[in-house]
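Student: Just one file: data_37.cif, with mmCIF, C-alpha atoms, pLDDT in the B column; chains and numbers go by the auth columns.
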```cif
data_final
#
loop_
_atom_site.group_PDB
_atom_site.id
_atom_site.type_symbol
_atom_site.label_atom_id
_atom_site.label_comp_id
_atom_site.label_asym_id
_atom_site.label_seq_id
_atom_site.Cartn_x
_atom_site.Cartn_y
_atom_site.Cartn_z
_atom_site.B_iso_or_equiv
_atom_site.auth_seq_id
_atom_site.auth_asym_id
ATOM 1 C CA MET A 1 0.000 0.000 0.000 91.00 1 A
ATOM 2 C CA SER A 2 1.278 3.477 -0.789 91.00 2 A
ATOM 3 C CA LYS A 3 1.181 6.363 1.653 93.00 3 A
ATOM 4 C CA ARG A 4 1.240 10.083 1.012 93.00 4 A
ATOM 5 C CA LEU A 5 3.838 12.265 2.737 94.00 5 A
ATOM 6 C CA GLN A 6 3.370 16.006 2.979 95.00 6 A
ATOM 7 C CA VAL A 7 6.408 18.203 3.504 95.00 7 A
ATOM 8 C CA ILE A 8 6.157 21.979 3.843 97.00 8 A
ATOM 9 C CA LEU A 9 9.005 23.886 2.171 97.00 9 A
ATOM 10 C CA ASP A 10 9.580 27.574 1.694 97.00 10 A
ATOM 11 C CA ASP A 11 9.366 28.873 -1.883 97.00 11 A
ATOM 12 C CA LYS A 12 13.124 29.209 -2.380 97.00 12 A
ATOM 13 C CA GLU A 13 13.866 25.660 -1.247 97.00 13 A
ATOM 14 C CA MET A 14 11.049 24.274 -3.405 97.00 14 A
ATOM 15 C CA ARG A 15 12.385 26.084 -6.491 97.00 15 A
ATOM 16 C CA GLU A 16 15.865 24.669 -5.838 97.00 16 A
ATOM 17 C CA ILE A 17 14.469 21.149 -5.568 97.00 17 A
ATOM 18 C CA GLN A 18 12.419 21.615 -8.736 98.00 18 A
ATOM 19 C CA ARG A 19 15.492 22.807 -10.643 98.00 19 A
ATOM 20 C CA THR A 20 17.574 19.931 -9.325 97.00 20 A
ATOM 21 C CA ALA A 21 14.933 17.377 -10.308 97.00 21 A
ATOM 22 C CA GLN A 22 14.548 18.955 -13.732 98.00 22 A
ATOM 23 C CA ARG A 23 18.319 18.833 -14.336 97.00 23 A
ATOM 24 C CA GLN A 24 18.191 15.119 -13.574 97.00 24 A
ATOM 25 C CA GLN A 25 15.177 14.729 -15.849 97.00 25 A
ATOM 26 C CA MET A 26 12.840 13.445 -13.171 97.00 26 A
ATOM 27 C CA THR A 27 9.782 14.622 -11.326 97.00 27 A
ATOM 28 C CA VAL A 28 10.097 16.284 -7.957 97.00 28 A
ATOM 29 C CA ALA A 29 8.291 13.310 -6.414 96.00 29 A
ATOM 30 C CA GLU A 30 10.805 10.823 -7.846 97.00 30 A
ATOM 31 C CA TRP A 31 13.729 13.033 -6.838 97.00 31 A
ATOM 32 C CA VAL A 32 12.400 13.203 -3.272 97.00 32 A
ATOM 33 C CA ARG A 33 11.841 9.415 -3.147 96.00 33 A
ATOM 34 C CA GLN A 34 15.418 8.805 -4.269 97.00 34 A
ATOM 35 C CA ALA A 35 16.786 11.363 -1.807 96.00 35 A
ATOM 36 C CA LEU A 36 14.860 9.721 1.045 96.00 36 A
ATOM 37 C CA ARG A 37 16.062 6.240 0.037 95.00 37 A
ATOM 38 C CA GLY A 38 19.654 7.491 -0.036 95.00 38 A
ATOM 39 C CA ALA A 39 19.307 9.119 3.365 95.00 39 A
ATOM 40 C CA ARG A 40 17.752 5.964 4.794 92.00 40 A
ATOM 41 C CA ARG A 41 20.673 3.822 3.544 90.00 41 A
ATOM 42 C CA GLN A 42 23.096 6.033 5.469 90.00 42 A
ATOM 43 C CA VAL A 43 21.414 5.344 8.817 86.00 43 A
ATOM 44 C CA PRO A 44 22.745 2.185 10.510 77.00 44 A
ATOM 45 C CA VAL A 45 20.185 -0.609 10.693 77.00 45 A
ATOM 46 C CA THR A 46 21.464 -1.903 14.013 78.00 46 A
ATOM 47 C CA ASP A 47 23.080 -0.373 17.036 85.00 47 A
ATOM 48 C CA THR A 48 26.805 0.364 16.652 86.00 48 A
ATOM 49 C CA LYS A 49 27.577 -1.163 20.061 90.00 49 A
ATOM 50 C CA LYS A 50 25.865 -4.384 19.029 90.00 50 A
ATOM 51 C CA LYS A 51 27.862 -4.534 15.768 88.00 51 A
ATOM 52 C CA LEU A 52 31.133 -3.955 17.622 91.00 52 A
ATOM 53 C CA GLY A 53 30.218 -6.668 20.114 92.00 53 A
ATOM 54 C CA VAL A 54 29.676 -9.174 17.321 90.00 54 A
ATOM 55 C CA VAL A 55 32.981 -8.255 15.655 90.00 55 A
ATOM 56 C CA ARG A 56 34.853 -8.515 18.970 93.00 56 A
ATOM 57 C CA ALA A 57 33.297 -11.914 19.693 93.00 57 A
ATOM 58 C CA ALA A 58 34.277 -13.173 16.241 89.00 58 A
ATOM 59 C CA ALA A 59 37.827 -11.883 16.698 89.00 59 A
ATOM 60 C CA GLN A 60 38.205 -14.079 19.807 91.00 60 A
ATOM 61 C CA HIS A 61 38.180 -17.235 17.674 89.00 61 A
ATOM 62 C CA ALA A 62 41.381 -18.706 16.282 85.00 62 A
ATOM 63 C CA PHE A 63 40.324 -20.649 13.214 83.00 63 A
ATOM 64 C CA PRO A 64 43.016 -22.153 10.998 82.00 64 A
ATOM 65 C CA THR A 65 43.763 -20.278 7.812 82.00 65 A
ATOM 66 C CA GLY A 66 46.174 -20.529 4.962 87.00 66 A
ATOM 67 C CA ASP A 67 48.885 -18.285 3.668 91.00 67 A
ATOM 68 C CA ILE A 68 47.255 -15.237 2.017 92.00 68 A
ATOM 69 C CA ASP A 69 49.525 -15.372 -1.039 94.00 69 A
ATOM 70 C CA GLN A 70 48.704 -19.061 -1.566 94.00 70 A
ATOM 71 C CA MET A 71 44.957 -18.405 -1.194 93.00 71 A
ATOM 72 C CA LEU A 72 45.062 -15.528 -3.685 94.00 72 A
ATOM 73 C CA HIS A 73 47.015 -17.701 -6.123 94.00 73 A
ATOM 74 C CA GLU A 74 44.396 -20.455 -5.826 92.00 74 A
ATOM 75 C CA ILE A 75 41.584 -17.952 -6.382 93.00 75 A
ATOM 76 C CA ASP A 76 43.304 -16.672 -9.528 93.00 76 A
ATOM 77 C CA GLN A 77 43.743 -20.270 -10.732 91.00 77 A
ATOM 78 C CA GLY A 78 40.006 -20.810 -10.295 90.00 78 A
ATOM 79 C CA TYR A 79 39.215 -17.835 -12.518 89.00 79 A
ATOM 80 C CA GLN A 80 41.334 -19.353 -15.297 86.00 80 A
ATOM 81 C CA VAL A 81 39.517 -22.711 -15.317 79.00 81 A
ATOM 82 C CA LYS A 82 37.119 -23.033 -18.250 77.00 82 A
ATOM 83 C CA ILE A 83 33.826 -24.624 -17.282 77.00 83 A
ATOM 84 C CA PRO A 84 32.366 -26.850 -20.013 75.00 84 A
ATOM 85 C CA SER A 85 28.928 -25.784 -21.196 70.00 85 A
#
```
Go ahead and render the structure in this file as structure tokens.

Tutor:
Amino acid sequence: MSKRLQVILDDKEMREIQRTAQRQQMTVAEWVRQALRGARRQVPVTDTKKKLGVVRAAAQHAFPTGDIDQMLHEIDQGYQVKIPS
């Protein structure tokens, strides 16, 4: 379901937004939707402390790993393998 959002702007700000949208060849409504989506992506989804806690917990583990140069070499080798169709 779609919802309507009303935002009150002064005349100068509205003209600037209209010009910006026009330069990008889109409606003001589409420009605003894209601006809101972009702003929403910049806000963290979860709490920073929680993220740091998860990273710190993961860093406590000592899993075996290989030599980085050897792993990169093997990855490159995989890209060169031709897969039959």

Student: Work out where the centre of an axis-aligned box around every listed atom of range 56-74 of chain A lies and how long its edges are once 6 Å is added on each side; give both in Å to one decimal as AutoDock Vina command-line options.

Tutor:
```
--center_x 41.4 --center_y -15.3 --center_z 6.8 --size_x 28.2 --size_y 25.6 --size_z 37.9
```

Student: Could you tell me how far CA of Ala58 in chain A sits from CA of Leu72 in chain A, in Å to one decimal place?

Tutor: 22.8 Å

Student: Selected by the PyMOL selection byres ((chain A and resi 1-10) around 12) in the shown coordinates: which residues, as a ChimeraX atom specification?

Tutor: /A:11-18,29,32-33,36

Student: Quick check, in Å to one decimal: how far apart do CA of Gln70 in chain A and CA of Ile83 in chain A lie?

Tutor: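 Taking CA of Gln70 in chain A and CA of Ile83 in chain A, their separation equals 22.3 Å.
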